[in-house]
>>> print(open('data-v3.tsv').read())   # TSV, C-alpha atoms and all ligand atoms
chain	number	residue	atom	x	y	z
A	16	MET	CA	0.83	52.37	45.89
A	17	ARG	CA	-1.83	50.03	44.59
A	18	THR	CA	0.62	48.48	42.10
A	19	ILE	CA	3.08	47.79	44.90
A	20	ALA	CA	0.32	46.07	46.91
A	21	VAL	CA	-0.55	43.83	43.96
A	22	LEU	CA	3.12	42.95	43.40
A	23	LEU	CA	3.51	42.12	47.08
A	24	ALA	CA	0.44	39.87	47.00
A	25	ALA	CA	1.76	38.10	43.90
A	26	ALA	CA	5.15	37.58	45.51
A	27	LEU	CA	3.48	36.09	48.60
A	28	LEU	CA	1.43	33.67	46.45
A	29	LEU	CA	4.52	32.56	44.56
A	30	ALA	CA	6.28	31.95	47.83
A	31	ILE	CA	3.72	29.29	48.80
A	32	PRO	CA	4.84	26.05	47.07
A	33	GLY	CA	1.35	24.44	47.01
A	34	ILE	CA	-0.13	27.31	45.01
A	35	GLN	CA	2.72	27.20	42.49
A	36	HIS	CA	2.03	23.51	42.00
A	37	ILE	CA	-1.69	24.07	41.36
A	38	GLN	CA	-0.89	26.81	38.83
A	39	ALA	CA	1.53	24.52	36.98
A	40	GLN	CA	-1.09	21.75	36.83
A	41	ALA	CA	-3.73	24.11	35.44
A	42	ARG	CA	-1.43	25.12	32.57
A	43	THR	CA	-0.74	21.53	31.40
A	44	PRO	CA	-3.32	20.59	28.71
A	45	ALA	CA	-4.97	17.17	28.94
A	46	PRO	CA	-3.09	14.70	26.71
A	47	ARG	CA	-4.75	14.13	23.34
A	48	THR	CA	-6.23	10.63	23.06
A	49	THR	CA	-8.01	10.76	19.70
A	50	LEU	CA	-7.02	10.20	16.09
A	51	ASP	CA	-8.23	13.30	14.27
A	52	ILE	CA	-9.00	13.17	10.56
A	53	TYR	CA	-9.71	16.23	8.43
A	54	PHE	CA	-11.37	15.67	5.05
A	55	LEU	CA	-10.42	18.93	3.35
A	56	ASP	CA	-12.31	20.48	0.51
A	57	THR	CA	-10.18	20.79	-2.62
A	58	GLU	CA	-13.15	21.23	-4.98
A	59	GLY	CA	-13.01	17.66	-6.25
A	60	GLY	CA	-9.44	16.53	-5.50
A	61	GLN	CA	-8.17	14.93	-2.34
A	62	ALA	CA	-6.38	16.17	0.81
A	63	THR	CA	-7.04	14.14	3.96
A	64	LEU	CA	-5.05	14.94	7.10
A	65	PHE	CA	-4.56	12.41	9.92
A	66	VAL	CA	-3.24	13.63	13.30
A	67	SER	CA	-2.30	10.95	15.85
A	68	PRO	CA	-2.73	11.34	19.62
A	69	SER	CA	0.97	12.12	20.03
A	70	GLY	CA	0.85	14.81	17.33
A	71	GLY	CA	2.23	12.68	14.47
A	72	SER	CA	0.79	13.58	11.08
A	73	MET	CA	0.03	12.02	7.71
A	74	LEU	CA	-1.47	13.89	4.78
A	75	VAL	CA	-2.98	11.84	1.96
A	76	ASP	CA	-2.76	13.95	-1.23
A	77	THR	CA	-2.34	17.67	-1.66
A	78	GLY	CA	-5.26	18.85	-3.81
A	79	PHE	CA	-4.80	21.05	-6.88
A	80	ALA	CA	-2.03	23.50	-7.83
A	81	GLY	CA	-2.67	27.24	-7.61
A	82	GLY	CA	-2.14	27.89	-3.91
A	83	ARG	CA	-5.74	27.59	-2.73
A	84	ASP	CA	-5.45	23.99	-1.57
A	85	ALA	CA	-1.98	24.41	-0.02
A	86	ASP	CA	-3.49	27.37	1.93
A	87	ARG	CA	-6.38	25.22	3.11
A	88	ILE	CA	-4.02	22.45	4.24
A	89	VAL	CA	-1.78	24.89	6.14
A	90	SER	CA	-4.83	26.49	7.75
A	91	VAL	CA	-6.11	23.15	9.11
A	92	MET	CA	-2.58	22.25	10.23
A	93	GLN	CA	-2.57	25.44	12.32
A	94	THR	CA	-5.97	24.54	13.77
A	95	SER	CA	-4.57	21.22	14.93
A	96	GLY	CA	-1.26	22.65	16.19
A	97	LEU	CA	1.00	21.19	13.47
A	98	THR	CA	4.05	23.07	12.19
A	99	MET	CA	5.31	20.28	9.94
A	100	LEU	CA	4.14	17.08	8.24
A	101	ASP	CA	5.71	13.73	9.10
A	102	HIS	CA	4.30	11.76	6.18
A	103	VAL	CA	2.78	12.89	2.89
A	104	VAL	CA	1.27	10.15	0.73
A	105	ILE	CA	0.78	11.03	-2.94
A	106	THR	CA	-1.73	8.42	-4.09
A	107	HIS	CA	-0.99	9.09	-7.78
A	108	TYR	CA	0.13	11.85	-10.12
A	109	HIS	CA	-3.09	13.38	-11.38
A	110	GLY	CA	-3.29	17.12	-10.78
A	111	ASP	CA	-6.14	16.88	-8.27
A	112	HIS	CA	-3.92	14.77	-5.96
A	113	VAL	CA	-0.29	15.84	-6.52
A	114	GLY	CA	-1.06	19.37	-7.76
A	115	GLY	CA	-0.50	21.16	-4.44
A	116	ALA	CA	2.58	19.14	-3.37
A	117	ALA	CA	5.31	21.52	-4.56
A	118	GLU	CA	3.54	24.58	-3.10
A	119	LEU	CA	2.95	22.81	0.19
A	120	ALA	CA	6.61	21.77	0.38
A	121	GLY	CA	7.50	25.46	0.00
A	122	ARG	CA	5.40	26.38	3.04
A	123	VAL	CA	5.90	23.66	5.63
A	124	PRO	CA	8.64	21.10	6.31
A	125	ILE	CA	7.75	17.61	5.07
A	126	ARG	CA	9.74	14.72	6.52
A	127	ARG	CA	8.92	12.02	3.99
A	128	PHE	CA	6.87	11.41	0.85
A	129	TYR	CA	5.31	8.12	-0.27
A	130	ASP	CA	4.46	7.64	-3.94
A	131	HIS	CA	4.46	5.07	-6.74
A	132	GLY	CA	7.84	5.98	-8.22
A	133	PRO	CA	9.57	8.52	-10.44
A	134	TYR	CA	7.47	8.02	-13.55
A	135	THR	CA	3.91	8.38	-14.76
A	136	VAL	CA	2.40	6.71	-17.77
A	137	GLU	CA	0.51	9.94	-18.42
A	138	LEU	CA	2.99	12.49	-19.61
A	139	GLN	CA	0.65	14.14	-22.12
A	140	PRO	CA	1.06	17.93	-22.13
A	141	ASN	CA	-2.34	18.45	-20.49
A	142	ARG	CA	-1.74	15.99	-17.65
A	143	ARG	CA	1.90	16.31	-16.69
A	144	ALA	CA	2.10	19.67	-14.86
A	145	GLY	CA	1.39	18.38	-11.35
A	146	PHE	CA	3.88	15.55	-11.68
A	147	VAL	CA	6.62	17.75	-13.14
A	148	ALA	CA	6.28	20.33	-10.33
A	149	TYR	CA	6.30	17.58	-7.70
A	150	LYS	CA	9.28	15.81	-9.28
A	151	ALA	CA	11.51	18.83	-8.65
A	152	VAL	CA	10.63	18.60	-4.94
A	153	ARG	CA	10.79	14.82	-4.94
A	154	ASP	CA	14.34	14.78	-6.32
A	155	LEU	CA	15.52	16.53	-3.13
A	156	ALA	CA	13.20	14.80	-0.65
A	157	ARG	CA	13.15	11.57	1.35
A	158	VAL	CA	10.81	9.28	-0.57
A	159	THR	CA	9.48	5.78	0.01
A	160	VAL	CA	7.95	3.77	-2.83
A	161	PRO	CA	6.05	1.30	-0.67
A	162	ARG	CA	5.31	-2.29	-1.46
A	163	VAL	CA	1.87	-3.67	-0.70
A	164	GLY	CA	1.88	-4.65	2.98
A	165	GLU	CA	4.36	-1.93	4.02
A	166	LYS	CA	3.33	0.48	6.75
A	167	VAL	CA	3.59	4.19	7.38
A	168	PRO	CA	5.21	4.64	10.82
A	169	LEU	CA	2.59	7.03	12.17
A	170	ALA	CA	2.91	6.83	15.96
A	171	GLY	CA	0.00	5.06	17.64
A	172	VAL	CA	-1.80	4.36	14.36
A	173	ASP	CA	-1.53	1.33	12.06
A	174	VAL	CA	-1.36	2.47	8.41
A	175	GLN	CA	-0.86	-0.22	5.80
A	176	PHE	CA	-0.64	0.01	2.00
A	177	VAL	CA	-3.04	-2.40	0.28
A	178	THR	CA	-2.40	-1.16	-3.28
A	179	SER	CA	0.70	0.41	-4.78
A	180	ALA	CA	2.02	1.03	-8.30
A	181	GLY	CA	-0.48	-1.35	-9.87
A	182	ALA	CA	0.10	-4.15	-7.34
A	183	LEU	CA	-2.79	-5.22	-5.14
A	184	LEU	CA	-3.08	-7.07	-1.85
A	185	THR	CA	-3.04	-10.81	-2.57
A	186	ASN	CA	-3.48	-12.25	0.95
A	187	SER	CA	-6.17	-11.37	3.43
A	188	LEU	CA	-5.27	-8.44	5.65
A	189	SER	CA	-4.12	-9.79	9.00
A	190	GLY	CA	-6.22	-8.79	11.97
A	191	ALA	CA	-9.03	-7.36	9.84
A	192	PRO	CA	-12.48	-8.72	10.82
A	193	GLY	CA	-13.99	-10.83	8.05
A	194	ALA	CA	-10.85	-10.73	5.91
A	195	GLY	CA	-10.47	-13.80	3.72
A	196	ALA	CA	-14.14	-14.76	3.76
A	197	SER	CA	-15.77	-15.66	0.47
A	198	ASN	CA	-17.76	-12.71	-0.85
A	199	PRO	CA	-21.37	-13.43	-1.88
A	200	PHE	CA	-21.53	-10.11	-3.79
A	201	CYS	CA	-19.11	-11.51	-6.39
A	202	ARG	CA	-21.82	-13.77	-7.81
A	203	ASP	CA	-23.55	-11.02	-9.80
A	204	ALA	CA	-20.49	-8.81	-10.03
A	205	ARG	CA	-19.84	-6.87	-13.22
A	206	LEU	CA	-16.50	-5.64	-14.55
A	207	LYS	CA	-16.07	-2.45	-16.57
A	208	VAL	CA	-14.02	-1.48	-19.60
A	209	PRO	CA	-11.41	0.84	-18.06
A	210	ASP	CA	-11.44	4.48	-19.20
A	211	PRO	CA	-8.12	5.77	-20.64
A	212	THR	CA	-6.59	6.99	-17.35
A	213	PRO	CA	-3.96	4.33	-16.55
A	214	GLU	CA	-2.39	6.56	-13.87
A	215	ASN	CA	-5.36	5.80	-11.61
A	216	GLN	CA	-4.32	2.15	-11.61
A	217	GLU	CA	-1.05	3.13	-9.90
A	218	THR	CA	-2.89	4.48	-6.82
A	219	LEU	CA	-1.45	3.97	-3.36
A	220	GLY	CA	-4.37	2.68	-1.28
A	221	LEU	CA	-4.42	2.54	2.52
A	222	VAL	CA	-6.13	0.91	5.46
A	223	VAL	CA	-5.87	3.02	8.62
A	224	ARG	CA	-6.47	1.29	11.96
A	225	PHE	CA	-6.68	2.94	15.36
A	226	GLY	CA	-7.71	0.52	18.12
A	227	GLU	CA	-11.02	-0.95	16.99
A	228	PHE	CA	-11.48	1.64	14.24
A	229	ARG	CA	-10.75	1.00	10.55
A	230	LEU	CA	-10.85	3.30	7.52
A	231	LEU	CA	-10.28	2.47	3.84
A	232	ASN	CA	-8.90	5.06	1.41
A	233	LEU	CA	-8.22	3.71	-2.10
A	234	GLY	CA	-7.65	7.07	-3.80
A	235	ASP	CA	-8.78	6.84	-7.44
A	236	LEU	CA	-8.40	3.06	-7.78
A	237	THR	CA	-10.44	1.63	-10.65
A	238	TRP	CA	-13.60	-0.49	-10.53
A	239	ASN	CA	-11.88	-3.67	-11.78
A	240	GLN	CA	-9.08	-3.33	-9.19
A	241	GLU	CA	-11.68	-2.88	-6.45
A	242	HIS	CA	-13.19	-6.12	-7.70
A	243	GLN	CA	-9.85	-7.94	-7.45
A	244	LEU	CA	-9.45	-6.88	-3.80
A	245	VAL	CA	-12.70	-8.56	-2.76
A	246	CYS	CA	-13.45	-11.33	-5.29
A	247	PRO	CA	-13.74	-14.21	-4.90
A	248	ASN	CA	-12.62	-13.58	-1.30
A	249	ASN	CA	-12.84	-10.29	0.57
A	250	LEU	CA	-9.18	-9.65	1.44
A	251	LEU	CA	-9.88	-6.36	3.22
A	252	GLY	CA	-12.52	-7.39	5.76
A	253	THR	CA	-14.94	-4.80	7.09
A	254	VAL	CA	-14.32	-1.13	7.83
A	255	ASP	CA	-16.01	1.63	9.78
A	256	VAL	CA	-15.37	4.39	7.28
A	257	PHE	CA	-15.07	4.18	3.50
A	258	HIS	CA	-13.44	7.13	1.76
A	259	THR	CA	-15.09	6.89	-1.66
A	260	THR	CA	-12.91	6.05	-4.65
A	261	ARG	CA	-12.36	8.57	-7.46
A	262	HIS	CA	-14.61	11.26	-5.99
A	263	GLY	CA	-17.72	9.14	-6.62
A	264	ASP	CA	-17.15	8.66	-10.36
A	265	VAL	CA	-18.79	5.79	-12.27
A	266	ASN	CA	-15.41	4.29	-13.24
A	267	SER	CA	-15.00	3.24	-9.59
A	268	GLY	CA	-17.36	2.22	-6.79
A	269	ALA	CA	-17.91	-1.48	-7.51
A	270	PRO	CA	-20.79	-2.70	-5.31
A	271	GLN	CA	-19.00	-6.02	-4.73
A	272	LEU	CA	-16.38	-3.97	-2.81
A	273	ILE	CA	-18.64	-1.58	-0.93
A	274	SER	CA	-21.17	-4.23	0.09
A	275	ALA	CA	-18.39	-6.54	1.31
A	276	ILE	CA	-16.55	-3.97	3.44
A	277	ARG	CA	-19.86	-2.90	5.09
A	278	PRO	CA	-18.93	0.67	6.07
A	279	ARG	CA	-20.95	2.42	8.77
A	280	VAL	CA	-20.12	5.77	7.24
A	281	ALA	CA	-18.91	6.88	3.81
A	282	VAL	CA	-17.18	10.18	3.08
A	283	MET	CA	-17.11	11.43	-0.53
A	284	ASN	CA	-14.42	13.82	-1.75
A	285	ASN	CA	-16.49	15.14	-4.62
A	286	GLY	CA	-16.74	18.64	-6.04
A	287	GLU	CA	-19.91	20.37	-7.17
A	288	ARG	CA	-19.31	19.08	-10.70
A	289	LYS	CA	-16.64	16.42	-10.12
A	290	GLY	CA	-17.60	12.87	-9.13
A	291	GLY	CA	-20.76	12.64	-7.07
A	292	ALA	CA	-22.38	10.50	-9.78
A	293	PRO	CA	-25.96	9.43	-9.00
A	294	GLU	CA	-25.09	5.80	-9.80
A	295	TYR	CA	-22.17	5.79	-7.35
A	296	TRP	CA	-24.21	7.58	-4.68
A	297	GLN	CA	-26.99	5.01	-5.02
A	298	ILE	CA	-24.59	2.06	-4.63
A	299	VAL	CA	-23.15	3.52	-1.41
A	300	ARG	CA	-26.52	4.55	0.02
A	301	ALA	CA	-28.00	1.08	-0.65
A	302	THR	CA	-25.20	-0.70	1.26
A	303	ALA	CA	-26.57	-2.72	4.19
A	304	GLY	CA	-25.49	-1.24	7.51
A	305	LEU	CA	-24.60	2.22	6.16
A	306	GLU	CA	-25.58	4.82	8.75
A	307	ASP	CA	-24.60	8.05	6.99
A	308	PHE	CA	-23.09	9.32	3.78
A	309	TRP	CA	-21.11	12.55	4.25
A	310	GLN	CA	-20.13	14.60	1.20
A	311	LEU	CA	-17.64	17.42	0.72
A	312	HIS	CA	-20.09	19.02	-1.72
A	313	ARG	CA	-23.66	18.86	-2.80
A	314	SER	CA	-23.39	17.17	-6.20
A	315	ALA	CA	-24.98	19.10	-9.06
A	316	ALA	CA	-25.53	15.83	-10.94
A	317	GLY	CA	-27.16	14.26	-7.89
A	318	GLY	CA	-30.10	16.66	-7.82
A	319	ALA	CA	-32.74	16.24	-5.15
A	320	GLU	CA	-32.66	12.43	-5.23
A	321	HIS	CA	-28.96	11.60	-4.94
A	322	ASN	CA	-27.53	13.90	-2.27
A	323	SER	CA	-27.47	13.50	1.50
A	324	PRO	CA	-29.38	15.99	3.70
A	325	ASP	CA	-27.70	19.41	4.00
A	326	SER	CA	-26.34	18.68	7.51
A	327	PHE	CA	-24.10	16.02	5.97
A	328	LEU	CA	-22.76	18.28	3.20
A	329	ALA	CA	-19.63	20.31	3.98
A	330	ASN	CA	-20.33	22.68	1.09
A	331	VAL	CA	-23.64	23.51	-0.54
A	332	ASN	CA	-22.09	25.41	-3.45
A	333	GLU	CA	-23.18	29.01	-3.02
A	334	ASP	CA	-20.34	31.17	-1.70
A	335	ASP	CA	-19.12	28.86	1.02
A	336	HIS	CA	-16.54	26.56	-0.54
A	337	GLY	CA	-13.64	25.43	1.58
A	338	HIS	CA	-15.47	23.87	4.52
A	339	TYR	CA	-14.17	20.53	5.73
A	340	LEU	CA	-15.33	17.51	7.71
A	341	HIS	CA	-13.56	16.70	10.98
A	342	MET	CA	-13.64	13.16	12.36
A	343	SER	CA	-12.38	12.46	15.86
A	344	VAL	CA	-11.79	8.77	16.60
A	345	ARG	CA	-11.39	6.93	19.92
A	346	THR	CA	-9.62	3.58	20.35
A	347	ASP	CA	-12.88	1.78	21.19
A	348	GLY	CA	-13.94	2.45	17.58
A	349	SER	CA	-16.39	5.23	18.42
A	350	PHE	CA	-16.05	8.54	16.61
A	351	THR	CA	-17.66	11.90	15.95
A	352	ILE	CA	-17.95	13.81	12.68
A	353	THR	CA	-18.32	17.59	12.62
A	354	ASN	CA	-19.33	19.74	9.66
A	355	SER	CA	-17.12	22.85	9.75
A	356	ARG	CA	-19.73	24.86	7.81
A	357	THR	CA	-22.47	24.50	10.39
A	358	GLY	CA	-20.86	23.00	13.48
A	359	PHE	CA	-23.31	20.08	13.22
A	360	THR	CA	-21.78	17.07	15.01
A	361	LYS	CA	-22.87	13.46	15.03
A	362	GLU	CA	-21.67	10.82	17.47
A	363	TYR	CA	-21.12	7.21	16.36
A	364	GLY	CA	-20.80	4.73	19.23
A	365	PRO	CA	-18.58	1.64	19.18
A	366	ARG	CA	-19.56	-0.87	16.49
A	367	ARG	CA	-22.03	-3.40	17.88
B	401	ZN	ZN	-8.82	12.26	-8.55
>>> encode(input="data-v3.tsv", output="structure tokens")
Amino acid sequence: MRTIAVLLAAALLLAIPGIQHIQAQARTPAPRTTLDIYFLDTEGGQATLFVSPSGGSMLVDTGFAGGRDADRIVSVMQTSGLTMLDHVVITHYHGDHVGGAAELAGRVPIRRFYDHGPYTVELQPNRRAGFVAYKAVRDLARVTVPRVGEKVPLAGVDVQFVTSAGALLTNSLSGAPGAGASNPFCRDARLKVPDPTPENQETLGLVVRFGEFRLLNLGDLTWNQEHQLVCPNNLLGTVDVFHTTRHGDVNSGAPQLISAIRPRVAVMNNGERKGGAPEYWQIVRATAGLEDFWQLHRSAAGGAEHNSPDSFLANVNEDDHGHYLHMSVRTDGSFTITNSRTGFTKEYGPRR
């Protein structure tokens, strides 16, 4: 009897058009307006996921082989409601960047890859595995080998390659504040003898712009290439967020670059014992205008002196690996960063 009464009441409610309308409105989620960026922990590789307001996606690098990093990527995709990836950029063919690509392609559809071409200078037995596994996927995939200046068509977001396959930007980036200005930090600039990892020089580097917001991700580009991008003139202009080069290793991180681009925030994709060099950390931390330096791990080499406070560390290296940093960006250039380990969130207002 009671069930019948409830059914009757429900039928009456549905018969009133106004109430149906209100119910339909309540079910429609508010449209997403932010660019969401997830800096995933791959224990010293790279996997950075960008999700545009309309749900378009770009993943920069796939972490290591072995399944762990592909799992972490798929898990964050689920968190952000993605069932496929529109664009996957492989910055270069070292195992900490391309390693998870074949496994990931076996788990989720990938519309298009971007890479530096079907060859790596490093085909030594100990360095080729990631590339060889990826090449089997690549041979059947849609692939773009972008030229410097080309863009990734990520809806609502401007993504431009500034380095690719050894070529570097040669003209100042259009629309970038301060781009083309002479760089005073070149005066005392040093160059370095490159270490024997020529594959790093092939890195696909990106500038991501969303409204007033700008982020620079140069993968594992080398110190001397960083120098060329900003000396004698700073071709990149300034950015809000600098994704550190080469995990914070001393073979990258030229101060003439970092000082010239004047980031408000840096994010370092280091592992506990990968990158996170004290010298690199010090160069970033000493940059004028830097508000915070977020790290994916506490660096063992950094000790007490060369690590950010715990709130800014996604992983502190006990039994809690796998936490990520989530950045949510608005078109006015303001953004928040949240530490998935602790829930600690910091708000950054529009650039003054
Ligand atoms: Zn690397």
>>> residues_near_ligand(input="data-v3.tsv", ligand="ligand ZN 401 (chain B)", cutoff="8 Å", atoms="all atoms listed in the file", output="PyMOL selection string")
chain A and resi 59-61+109-112+215+234-235+261-262
>>> write_last_selection(input="data-v3.tsv", atoms="C-alpha atoms", output="compact mmCIF listing (two decimals), in the frame of the given file")
# COMPACT_ATOMS: atom_id res chain seq x y z
CA GLY A 59 -13.01 17.66 -6.25
CA GLY A 60 -9.44 16.53 -5.50
CA GLN A 61 -8.17 14.93 -2.34
CA HIS A 109 -3.09 13.38 -11.38
CA GLY A 110 -3.29 17.12 -10.78
CA ASP A 111 -6.14 16.88 -8.27
CA HIS A 112 -3.92 14.77 -5.96
CA ASN A 215 -5.36 5.80 -11.61
CA GLY A 234 -7.65 7.07 -3.80
CA ASP A 235 -8.78 6.84 -7.44
CA ARG A 261 -12.36 8.57 -7.46
CA HIS A 262 -14.61 11.26 -5.99
>>> residues_around(input="data-v3.tsv", residues="Asn332 in chain A", least_positions_apart="2", cutoff="7 Å", atoms="all atoms listed in the file", output="PDB file with C-alpha atoms, in the frame of the given file")
ATOM      1  CA  GLU A 287     -19.910  20.370  -7.170  1.00  0.00           C
ATOM      2  CA  HIS A 312     -20.090  19.020  -1.720  1.00  0.00           C
ATOM      3  CA  ARG A 313     -23.660  18.860  -2.800  1.00  0.00           C
ATOM      4  CA  ASN A 330     -20.330  22.680   1.090  1.00  0.00           C
ATOM      5  CA  ASP A 334     -20.340  31.170  -1.700  1.00  0.00           C
ATOM      6  CA  ASP A 335     -19.120  28.860   1.020  1.00  0.00           C
ATOM      7  CA  HIS A 336     -16.540  26.560  -0.540  1.00  0.00           C
TER       8      HIS A 336
END
>>> residues_around(input="data-v3.tsv", residues="Gly337 in chain A", least_positions_apart="3", cutoff="8 Å", atoms="all atoms listed in the file", output="list of chain:residue names")
A:Leu55, A:Asp56, A:Thr57, A:Glu58, A:Arg87, A:Asn330
>>> closest_residue(input="data-v3.tsv", among="A:Asp347, A:Glu137, A:Glu320, A:Glu306", to="Lys361 in chain A", atoms="only C-alpha atoms")
A:Glu306
>>> residues_around(input="data-v3.tsv", residues="range 300-304 of chain A", least_positions_apart="5", cutoff="12 Å", atoms="all atoms listed in the file", output="JSON, numbers by chain")
{"A": [200, 253, 254, 255, 256, 257, 259, 263, 268, 269, 270, 271, 272, 273, 274, 275, 276, 277, 278, 279, 280, 281, 282, 283, 293, 294, 295, 309, 310, 320, 321, 322, 323, 366, 367]}
>>> residues_around(input="data-v3.tsv", residues="range 142-149 of chain A", least_positions_apart="2", cutoff="7 Å", atoms="only C-alpha atoms", output="list in words")
Tyr108, His109, Gly110, Val113, Gly114, Ala116, Ala117, Glu137, Leu138, Gln139, Pro140, Ala151, Val152 and Arg153 of chain A
>>> axis_aligned_box(input="data-v3.tsv", around="range 84-97 of chain A", padding_each_side="5 Å", output="JSON")
{"center_x": -2.7, "center_y": 24.3, "center_z": 7.3, "size_x": 17.4, "size_y": 16.2, "size_z": 27.8}
>>> atom_distance(input="data-v3.tsv", atom1="CA of Asp51 in chain A", atom2="CA of Leu311 in chain A")
17.0 Å
>>> atom_distance(input="data-v3.tsv", atom1="CA of Arg162 in chain A", atom2="CA of Ile105 in chain A")
14.1 Å
>>> closest_residue(input="data-v3.tsv", among="A:Pro161, A:Gly291, A:Pro168, A:Gly195", to="Tyr129 in chain A", atoms="only C-alpha atoms")
A:Pro161
>>> atom_distance(input="data-v3.tsv", atom1="CA of Ser179 in chain A", atom2="CA of Asp203 in chain A")
27.3 Å
>>> residues_around(input="data-v3.tsv", residues="Gln240 in chain A", least_positions_apart="2", cutoff="10 Å", atoms="all atoms listed in the file", output="VMD selection string")
chain A and resid 178 181 to 183 206 216 236 to 238 242 to 246 267 269 272
>>> closest_residue(input="data-v3.tsv", among="A:Asp101, A:Asp130, A:Asp264, A:Glu217", to="Gly290 in chain A", atoms="only C-alpha atoms")
A:Asp264
>>> closest_residue(input="data-v3.tsv", among="A:Leu250, A:Val174, A:Val331, A:Ile88", to="Phe54 in chain A", atoms="only C-alpha atoms")
A:Ile88
>>> closest_residue(input="data-v3.tsv", among="A:Thr94, A:Asn285, A:Thr185, A:Thr106", to="Leu221 in chain A", atoms="only C-alpha atoms")
A:Thr106
>>> closest_residue(input="data-v3.tsv", among="A:Phe308, A:Phe65, A:Phe359, A:Tyr134", to="Phe225 in chain A", atoms="all atoms listed in the file")
A:Phe65
>>> build_atoms(input="data-v3.tsv", residues="range 79-92 of chain A", atoms="N, CA, C and O atoms", output="PDB file, in the frame of the given file")
ATOM      1  N   PHE A  79      -5.213  20.458  -5.603  1.00  0.00           N
ATOM      2  CA  PHE A  79      -4.800  21.050  -6.880  1.00  0.00           C
ATOM      3  C   PHE A  79      -3.669  22.068  -6.688  1.00  0.00           C
ATOM      4  O   PHE A  79      -3.466  22.591  -5.591  1.00  0.00           O
ATOM      5  N   ALA A  80      -2.982  22.388  -7.805  1.00  0.00           N
ATOM      6  CA  ALA A  80      -2.030  23.500  -7.830  1.00  0.00           C
ATOM      7  C   ALA A  80      -2.798  24.828  -7.828  1.00  0.00           C
ATOM      8  O   ALA A  80      -4.001  24.862  -8.082  1.00  0.00           O
ATOM      9  N   GLY A  81      -2.067  25.902  -7.546  1.00  0.00           N
ATOM     10  CA  GLY A  81      -2.670  27.240  -7.610  1.00  0.00           C
ATOM     11  C   GLY A  81      -2.658  27.956  -6.273  1.00  0.00           C
ATOM     12  O   GLY A  81      -2.990  29.143  -6.201  1.00  0.00           O
ATOM     13  N   GLY A  82      -2.284  27.241  -5.208  1.00  0.00           N
ATOM     14  CA  GLY A  82      -2.140  27.890  -3.910  1.00  0.00           C
ATOM     15  C   GLY A  82      -3.339  27.739  -2.994  1.00  0.00           C
ATOM     16  O   GLY A  82      -3.183  27.653  -1.782  1.00  0.00           O
ATOM     17  N   ARG A  83      -4.538  27.677  -3.556  1.00  0.00           N
ATOM     18  CA  ARG A  83      -5.740  27.590  -2.730  1.00  0.00           C
ATOM     19  C   ARG A  83      -5.714  26.364  -1.809  1.00  0.00           C
ATOM     20  O   ARG A  83      -5.944  26.482  -0.600  1.00  0.00           O
ATOM     21  N   ASP A  84      -5.374  25.208  -2.381  1.00  0.00           N
ATOM     22  CA  ASP A  84      -5.450  23.990  -1.570  1.00  0.00           C
ATOM     23  C   ASP A  84      -4.293  23.885  -0.580  1.00  0.00           C
ATOM     24  O   ASP A  84      -4.483  23.418   0.547  1.00  0.00           O
ATOM     25  N   ALA A  85      -3.092  24.360  -0.979  1.00  0.00           N
ATOM     26  CA  ALA A  85      -1.980  24.410  -0.020  1.00  0.00           C
ATOM     27  C   ALA A  85      -2.363  25.329   1.141  1.00  0.00           C
ATOM     28  O   ALA A  85      -2.097  25.013   2.307  1.00  0.00           O
ATOM     29  N   ASP A  86      -3.019  26.456   0.859  1.00  0.00           N
ATOM     30  CA  ASP A  86      -3.490  27.370   1.930  1.00  0.00           C
ATOM     31  C   ASP A  86      -4.456  26.641   2.862  1.00  0.00           C
ATOM     32  O   ASP A  86      -4.378  26.784   4.078  1.00  0.00           O
ATOM     33  N   ARG A  87      -5.376  25.912   2.283  1.00  0.00           N
ATOM     34  CA  ARG A  87      -6.380  25.220   3.110  1.00  0.00           C
ATOM     35  C   ARG A  87      -5.720  24.163   3.997  1.00  0.00           C
ATOM     36  O   ARG A  87      -6.111  23.982   5.152  1.00  0.00           O
ATOM     37  N   ILE A  88      -4.721  23.475   3.450  1.00  0.00           N
ATOM     38  CA  ILE A  88      -4.020  22.450   4.240  1.00  0.00           C
ATOM     39  C   ILE A  88      -3.271  23.119   5.393  1.00  0.00           C
ATOM     40  O   ILE A  88      -3.365  22.680   6.545  1.00  0.00           O
ATOM     41  N   VAL A  89      -2.554  24.202   5.096  1.00  0.00           N
ATOM     42  CA  VAL A  89      -1.780  24.890   6.140  1.00  0.00           C
ATOM     43  C   VAL A  89      -2.726  25.437   7.213  1.00  0.00           C
ATOM     44  O   VAL A  89      -2.437  25.369   8.412  1.00  0.00           O
ATOM     45  N   SER A  90      -3.867  25.937   6.791  1.00  0.00           N
ATOM     46  CA  SER A  90      -4.830  26.490   7.750  1.00  0.00           C
ATOM     47  C   SER A  90      -5.331  25.414   8.726  1.00  0.00           C
ATOM     48  O   SER A  90      -5.397  25.636   9.942  1.00  0.00           O
ATOM     49  N   VAL A  91      -5.646  24.226   8.213  1.00  0.00           N
ATOM     50  CA  VAL A  91      -6.110  23.150   9.110  1.00  0.00           C
ATOM     51  C   VAL A  91      -4.954  22.620   9.959  1.00  0.00           C
ATOM     52  O   VAL A  91      -5.150  22.250  11.118  1.00  0.00           O
ATOM     53  N   MET A  92      -3.751  22.631   9.411  1.00  0.00           N
ATOM     54  CA  MET A  92      -2.580  22.250  10.230  1.00  0.00           C
ATOM     55  C   MET A  92      -2.465  23.183  11.436  1.00  0.00           C
ATOM     56  O   MET A  92      -2.213  22.734  12.559  1.00  0.00           O
TER      57      MET A  92
END
